[in-house]
file work-v7.tsv (TSV, C-alpha atoms and all ligand atoms)
chain	number	residue	atom	x	y	z
A	1	MET	CA	15.99	-33.53	17.15
A	2	ASN	CA	13.78	-32.29	14.32
A	3	ILE	CA	16.06	-31.20	11.47
A	4	GLU	CA	14.19	-29.23	8.78
A	5	ARG	CA	15.03	-27.30	5.63
A	6	THR	CA	13.47	-23.98	4.77
A	7	PHE	CA	13.63	-21.54	1.88
A	8	VAL	CA	14.93	-18.03	2.58
A	9	ALA	CA	15.23	-15.06	0.24
A	10	ILE	CA	17.12	-11.86	1.00
A	11	LYS	CA	14.79	-9.41	-0.75
A	12	PRO	CA	15.69	-6.61	-3.20
A	13	ASP	CA	15.51	-3.88	-0.54
A	14	ALA	CA	18.12	-5.63	1.61
A	15	VAL	CA	20.37	-6.37	-1.39
A	16	GLN	CA	20.19	-2.73	-2.48
A	17	ARG	CA	20.88	-1.47	1.04
A	18	GLY	CA	24.02	-3.62	1.39
A	19	LEU	CA	22.59	-5.88	4.12
A	20	MET	CA	23.34	-9.27	2.52
A	21	GLY	CA	26.38	-9.97	4.67
A	22	LYS	CA	24.70	-8.99	7.96
A	23	ILE	CA	21.64	-11.15	7.19
A	24	ILE	CA	23.70	-14.19	6.19
A	25	THR	CA	25.76	-13.72	9.36
A	26	ARG	CA	22.59	-13.87	11.52
A	27	PHE	CA	21.78	-17.34	10.14
A	28	GLU	CA	25.36	-18.56	10.52
A	29	GLU	CA	25.77	-17.20	14.05
A	30	LYS	CA	22.51	-18.82	15.17
A	31	GLY	CA	23.93	-22.18	14.09
A	32	PHE	CA	21.93	-22.77	10.93
A	33	LYS	CA	23.53	-24.53	7.97
A	34	ILE	CA	23.23	-22.79	4.61
A	35	ILE	CA	23.16	-25.65	2.12
A	36	ALA	CA	22.43	-23.62	-1.03
A	37	MET	CA	22.75	-19.96	-1.93
A	38	LYS	CA	22.64	-17.87	-5.11
A	39	MET	CA	22.00	-14.32	-6.25
A	40	LEU	CA	19.47	-14.04	-9.04
A	41	GLU	CA	16.98	-11.77	-10.76
A	42	VAL	CA	13.49	-13.16	-10.14
A	43	THR	CA	11.53	-13.71	-13.37
A	44	GLN	CA	7.83	-12.87	-13.71
A	45	GLU	CA	7.14	-16.63	-13.81
A	46	GLN	CA	9.08	-17.29	-10.60
A	47	ALA	CA	7.35	-14.37	-8.86
A	48	ALA	CA	3.89	-15.57	-9.95
A	49	SER	CA	4.67	-19.08	-8.73
A	50	HIS	CA	6.21	-17.95	-5.43
A	51	TYR	CA	3.37	-15.60	-4.55
A	52	ALA	CA	0.47	-17.59	-6.06
A	53	GLU	CA	-1.34	-17.63	-2.69
A	54	HIS	CA	-1.51	-13.81	-2.75
A	55	VAL	CA	-3.13	-13.44	-6.21
A	56	GLY	CA	-6.09	-11.06	-5.94
A	57	LYS	CA	-4.89	-9.35	-2.76
A	58	PRO	CA	-4.49	-5.56	-2.88
A	59	PHE	CA	-0.72	-5.77	-2.43
A	60	TYR	CA	-0.11	-8.53	-5.03
A	61	ASN	CA	0.89	-6.37	-8.02
A	62	GLY	CA	3.23	-4.26	-5.88
A	63	LEU	CA	4.74	-7.42	-4.39
A	64	VAL	CA	5.57	-8.87	-7.83
A	65	GLU	CA	6.90	-5.52	-9.02
A	66	PHE	CA	9.09	-5.29	-5.92
A	67	ILE	CA	10.51	-8.83	-5.96
A	68	THR	CA	11.48	-8.45	-9.65
A	69	SER	CA	12.95	-4.94	-9.22
A	70	ALA	CA	16.51	-5.92	-8.17
A	71	PRO	CA	18.30	-9.19	-7.35
A	72	ILE	CA	17.49	-11.46	-4.43
A	73	VAL	CA	19.73	-13.94	-2.64
A	74	ALA	CA	17.95	-17.31	-2.53
A	75	MET	CA	19.03	-19.78	0.17
A	76	VAL	CA	18.15	-23.17	1.56
A	77	VAL	CA	18.71	-23.15	5.32
A	78	GLU	CA	18.85	-26.31	7.42
A	79	GLY	CA	18.68	-26.74	11.18
A	80	ILE	CA	16.69	-27.69	14.26
A	81	ASP	CA	13.00	-26.77	13.68
A	82	ALA	CA	14.28	-24.51	10.89
A	83	VAL	CA	10.87	-23.45	9.53
A	84	ALA	CA	9.62	-21.94	12.79
A	85	GLU	CA	13.01	-20.89	14.15
A	86	VAL	CA	14.03	-19.00	11.01
A	87	ARG	CA	10.71	-17.13	11.05
A	88	HIS	CA	11.31	-16.39	14.74
A	89	ILE	CA	14.67	-14.73	14.13
A	90	LEU	CA	13.17	-12.86	11.13
A	91	GLY	CA	10.38	-11.40	13.26
A	92	ALA	CA	6.77	-10.64	12.31
A	93	THR	CA	5.88	-9.83	8.68
A	94	ASN	CA	5.06	-6.29	9.71
A	95	PRO	CA	8.28	-4.83	11.19
A	96	SER	CA	6.19	-2.73	13.58
A	97	ASN	CA	5.16	-5.97	15.30
A	98	ALA	CA	8.55	-7.68	15.09
A	99	ASP	CA	10.35	-8.60	18.33
A	100	VAL	CA	13.24	-6.35	19.30
A	101	GLY	CA	16.44	-8.00	18.09
A	102	SER	CA	14.79	-9.75	15.14
A	103	MET	CA	16.05	-8.97	11.65
A	104	ARG	CA	12.88	-7.19	10.58
A	105	ALA	CA	12.80	-5.08	13.75
A	106	ASP	CA	16.45	-4.17	13.28
A	107	PHE	CA	16.57	-3.66	9.51
A	108	SER	CA	13.06	-3.03	8.08
A	109	PRO	CA	11.22	0.29	8.05
A	110	ILE	CA	7.93	-0.95	6.46
A	111	MET	CA	6.07	-4.20	5.64
A	112	SER	CA	6.52	-3.94	1.87
A	113	CYS	CA	10.31	-3.73	2.41
A	114	ASN	CA	10.72	-6.35	5.11
A	115	CYS	CA	14.19	-7.49	3.98
A	116	VAL	CA	13.86	-11.28	4.17
A	117	HIS	CA	11.33	-13.97	3.23
A	118	ALA	CA	11.14	-17.40	4.85
A	119	SER	CA	8.73	-20.27	4.20
A	120	ASP	CA	5.78	-20.69	6.57
A	121	SER	CA	5.66	-24.51	6.55
A	122	VAL	CA	7.67	-27.56	5.51
A	123	ASP	CA	5.40	-27.98	2.47
A	124	SER	CA	5.83	-24.32	1.45
A	125	ALA	CA	9.59	-24.73	1.88
A	126	LYS	CA	9.67	-27.69	-0.52
A	127	ARG	CA	7.54	-25.83	-3.06
A	128	GLU	CA	9.50	-22.58	-2.82
A	129	MET	CA	13.00	-24.09	-2.94
A	130	ALA	CA	12.00	-25.95	-6.13
A	131	ILE	CA	11.13	-22.60	-7.77
A	132	TYR	CA	14.69	-21.32	-7.33
A	133	PHE	CA	16.89	-24.44	-7.10
A	134	ASP	CA	17.37	-27.76	-8.81
A	135	VAL	CA	17.08	-29.59	-5.50
A	136	GLU	CA	18.57	-32.78	-6.91
A	137	LYS	CA	21.79	-31.02	-7.93
A	138	GLU	CA	22.26	-27.74	-6.11
A	139	LEU	CA	22.08	-28.60	-2.39
A	140	CYS	CA	25.49	-28.93	-0.66
A	141	THR	CA	24.86	-31.52	2.03
A	142	ASN	CA	28.11	-33.48	2.31
A	143	TRP	CA	29.77	-31.39	5.03
A	144	LYS	CA	29.31	-30.53	8.72
A	145	THR	CA	29.01	-27.14	10.37
A	146	MET	CA	30.80	-26.55	13.68
A	147	MET	CA	27.35	-26.61	15.34
A	148	GLU	CA	26.75	-30.13	13.99
A	149	ILE	CA	30.19	-31.23	15.20
A	150	VAL	CA	29.43	-29.83	18.67
A	151	LEU	CA	26.05	-31.60	18.76
A	152	ASP	CA	27.62	-34.88	17.53
A	153	GLY	CA	30.02	-34.68	20.46
A	154	LEU	CA	27.20	-34.17	22.97
A	155	SER	CA	25.27	-37.22	21.80
A	156	LYS	CA	28.21	-39.61	22.38
B	201	LIG	P1	6.67	-12.33	2.77
B	201	LIG	O1	6.83	-13.09	4.01
B	201	LIG	O2	7.74	-12.35	1.77
B	201	LIG	O3	5.33	-12.83	2.04
B	201	LIG	C1	4.47	-12.00	1.33
B	201	LIG	C2	4.89	-10.55	1.38
B	201	LIG	O4	3.89	-9.60	1.00
B	201	LIG	C3	5.21	-10.18	2.80
B	201	LIG	O5	6.41	-10.79	3.17
B	201	LIG	C4	5.22	-8.66	2.74
B	201	LIG	O6	6.47	-8.17	2.38
B	201	LIG	C5	4.27	-8.35	1.57
B	201	LIG	N1	3.10	-7.60	1.97
B	201	LIG	C6	2.80	-6.38	1.57
B	201	LIG	N2	1.64	-5.98	2.09
B	201	LIG	C7	1.18	-6.97	2.85
B	201	LIG	C8	0.02	-7.18	3.66
B	201	LIG	N3	-0.92	-6.22	3.78
B	201	LIG	N4	-0.11	-8.33	4.32
B	201	LIG	C9	0.84	-9.31	4.21
B	201	LIG	N5	1.95	-9.17	3.44
B	201	LIG	C10	2.12	-8.02	2.78
call {"tool": "encode", "arguments": {"input": "work-v7.tsv", "output": "structure tokens"}}
result
Amino acid sequence: MNIERTFVAIKPDAVQRGLMGKIITRFEEKGFKIIAMKMLEVTQEQAASHYAEHVGKPFYNGLVEFITSAPIVAMVVEGIDAVAEVRHILGATNPSNADVGSMRADFSPIMSCNCVHASDSVDSAKREMAIYFDVEKELCTNWKTMMEIVLDGLSK
């Protein structure tokens, strides 16, 4: 089993629309383990670091303005193939292309307000979680979810 960690952010639009609880529930119900979570106001420095790959693109300035406009909820999510699987349950970046039943299809009206961010690779996940968390101190790893307990039982 390939256990991975990924970085997830509930974006300002979803916080403002009161969707935090529903989005967190989707991760929990799927069986993912949330091992760090905090609400914060993204600084200009954090935004520039997070979105460095988009510098120079037409939507960059709007993206930074948006992500710093209201709080986000930053999370580290752990589970089987978490990088790809979390992006799968989020749906495509553009909600118009997102699978029915995905979070972006269900909650997002437009690409610039697509509710949730998730890392696109294990390397991006490591880089992004370090922008928002002290990974040596802030990850809660010394506990088991019910999903882990069920899987432990199956492997015996
Ligand atoms: P996210 O996965 O957080 O990563 C970059 C974000 O830029 C993306 O979600 C979108 O919300 C936003 N964005 C806005 N316009 C575009 C675009 N034309 N192409 C890709 N991303 C865009």
call {"tool": "residues_near_ligand", "arguments": {"input": "work-v7.tsv", "ligand": "ligand LIG 201 (chain B)", "cutoff": "12 Å", "atoms": "all atoms listed in the file", "output": "PyMOL selection string"}}
result
chain A and resi 7-14+47-48+50-55+57-67+72+86-87+90-95+104+108-121+124+128
call {"tool": "atom_distance", "arguments": {"input": "work-v7.tsv", "atom1": "atom CA of A:Ile34", "atom2": "atom CA of A:Thr145"}}
result
9.2 Å
call {"tool": "closest_residue", "arguments": {"input": "work-v7.tsv", "among": "A:Ser49, A:Asn142, A:Asn2, A:Asn97", "to": "A:Ile35", "atoms": "all atoms listed in the file"}}
result
A:Asn142
call {"tool": "closest_residue", "arguments": {"input": "work-v7.tsv", "among": "A:Ala82, A:Leu139, A:Met75, A:Ile131", "to": "A:Ile23", "atoms": "all atoms listed in the file"}}
result
A:Met75
call {"tool": "residues_around", "arguments": {"input": "work-v7.tsv", "residues": "A:Met146", "least_positions_apart": "4", "cutoff": "12 Å", "atoms": "all atoms listed in the file", "output": "compact mmCIF listing (two decimals) with C-alpha atoms, in the coordinates of the input"}}
result
# COMPACT_ATOMS: atom_id res chain seq x y z
CA GLU A 28 25.36 -18.56 10.52
CA GLU A 29 25.77 -17.20 14.05
CA LYS A 30 22.51 -18.82 15.17
CA GLY A 31 23.93 -22.18 14.09
CA PHE A 32 21.93 -22.77 10.93
CA LYS A 33 23.53 -24.53 7.97
CA VAL A 150 29.43 -29.83 18.67
CA LEU A 151 26.05 -31.60 18.76
CA ASP A 152 27.62 -34.88 17.53
CA GLY A 153 30.02 -34.68 20.46
call {"tool": "closest_residue", "arguments": {"input": "work-v7.tsv", "among": "A:Glu85, A:Asp134, A:Glu41, A:Asp106", "to": "A:Val73", "atoms": "only C-alpha atoms"}}
result
A:Glu41
call {"tool": "atom_distance", "arguments": {"input": "work-v7.tsv", "atom1": "atom CA of A:Gly56", "atom2": "atom CA of A:Ser96"}}
result
24.5 Å
call {"tool": "closest_residue", "arguments": {"input": "work-v7.tsv", "among": "A:Arg127, A:Glu78, A:His88, A:Phe107", "to": "A:Lys144", "atoms": "all atoms listed in the file"}}
result
A:Glu78
call {"tool": "atom_distance", "arguments": {"input": "work-v7.tsv", "atom1": "atom CA of A:Val122", "atom2": "atom CA of A:Val135"}}
result
14.6 Å
call {"tool": "closest_residue", "arguments": {"input": "work-v7.tsv", "among": "A:Val77, A:Ala70, A:Leu19, A:Met1", "to": "A:Met103", "atoms": "all atoms listed in the file"}}
result
A:Leu19
call {"tool": "closest_residue", "arguments": {"input": "work-v7.tsv", "among": "A:Ala74, A:Met20, A:Ala130, A:Met147", "to": "A:Leu40", "atoms": "all atoms listed in the file"}}
result
A:Ala74
